[in-house]
Amino acid sequence: MDDLLPGFVAVEVAGAADFEGELLPAEAAHLSPRAVAGRRREFTAGRVAARRALGRLGVVGHPLTADNRAPVWPRGTTGSITHTAGYCAAAVARTPDVRAVGIDAERRTILPANVRASICLPEELEWCATRPGEDWWPAVHFSAKEVVYKLWSPIVGTWLDFHDARLTIDVETATWTARIDPRRLDTSPGAPDRFTGRFHVAPDLVRSAGVVPA
Ligand SMILES: CC(C)(COP(=O)(O)OP(=O)(O)OC[C@H]1O[C@@H](n2cnc3c(N)ncnc32)[C@H](O)[C@@H]1OP(=O)(O)O)[C@@H](O)C(=O)NCCC(=O)NCCS
């Protein structure tokens, strides 16, 4: 994931042992006692990878709690966690360097038509249709829009729908720009009106990431 982010962002991809790692007591309190084994494993890998990334910024032994599922980062830092079947990563940075960090990984699957329509605006679906044989573009939209939400949420603190952002993809530079619907900005004064990031498509995995500069 560090290939998609500026050098001042500390990125850790979880290894196999991290899925069986130790949670700090304050972190375990944010995992439902009814959590299935898979959820426990991904939550643990995210916490262990995030604490290792924080360690590279000199922040050691700090439990990573949550507020309504959003990670609560130690003072002076911010970051993002993602997990999808068998893959987990965390990225953190100092808040003097950035306002927000967002990362997302998704297994590369062909999304059903109803899911594509719920994620993509009609003009985004039209753009995907101009790339015949490249069935991964709706998944790229999905992944990039999840990044947009992970950047928006810590700054603005409100919900953002998939259709509230219009994505433009530059295939040559493997970058995306998301413009927020002006009607949404009217109800969120001071919110950023656009977000940018990078993406990568592999045979089995789609990854996206971005930052909001300080
Ligand atoms: C929150 C959300 C983006 C997470 O994405 P996901 O694909 O389900 O899962 P990921 O594995 O990539 O990310 C999960 C992690 O996101 C983080 N997260 C959860 N809520 C968050 C928030 N409000 N802000 C930032 N990060 C958040 C958590 O660390 C979580 O992992 P954890 O519970 O193990 O700590 C997604 O569930 C969601 O609610 N999406 C709808 C909103 C949206 O994406 N709108 C698009 C706007 S253009």
# chains A, B, ... in the order shown; residues from 1 in each chain; ligands from 1
$ residues_around --residues "Gly58 of chain A" --least-positions-apart "2" --cutoff "12 Å" --atoms "only C-alpha atoms" --output "VMD selection string"
chain A and resid 10 51 to 56 60 to 62 74 76 to 77 92 to 94
$ residues_near_ligand --ligand "ligand 1" --cutoff "7 Å" --atoms "only C-alpha atoms and all ligand atoms" --output "number ranges by chain"
A: 42-43, 46, 68-71, 80-84, 104-105, 145-151, 153-154, 159-165
$ atom_distance --atom1 "atom CA of Gly102 of chain A" --atom2 "atom CA of Val115 of chain A"
22.1 Å
$ atom_distance --atom1 "atom CA of Asp97 of chain A" --atom2 "atom CA of Pro213 of chain A"
6.8 Å
$ closest_residue --among "A:Ala191, A:Ala209, A:Ala16, A:Ile110" --to "Asp3 of chain A" --atoms "only C-alpha atoms"
A:Ala209
$ atom_distance --atom1 "atom CA of Trp152 of chain A" --atom2 "atom CA of Trp73 of chain A"
15.5 Å
$ closest_residue --among "A:His30, A:Trp127, A:Val9, A:Arg183" --to "Leu57 of chain A" --atoms "only C-alpha atoms"
A:Val9
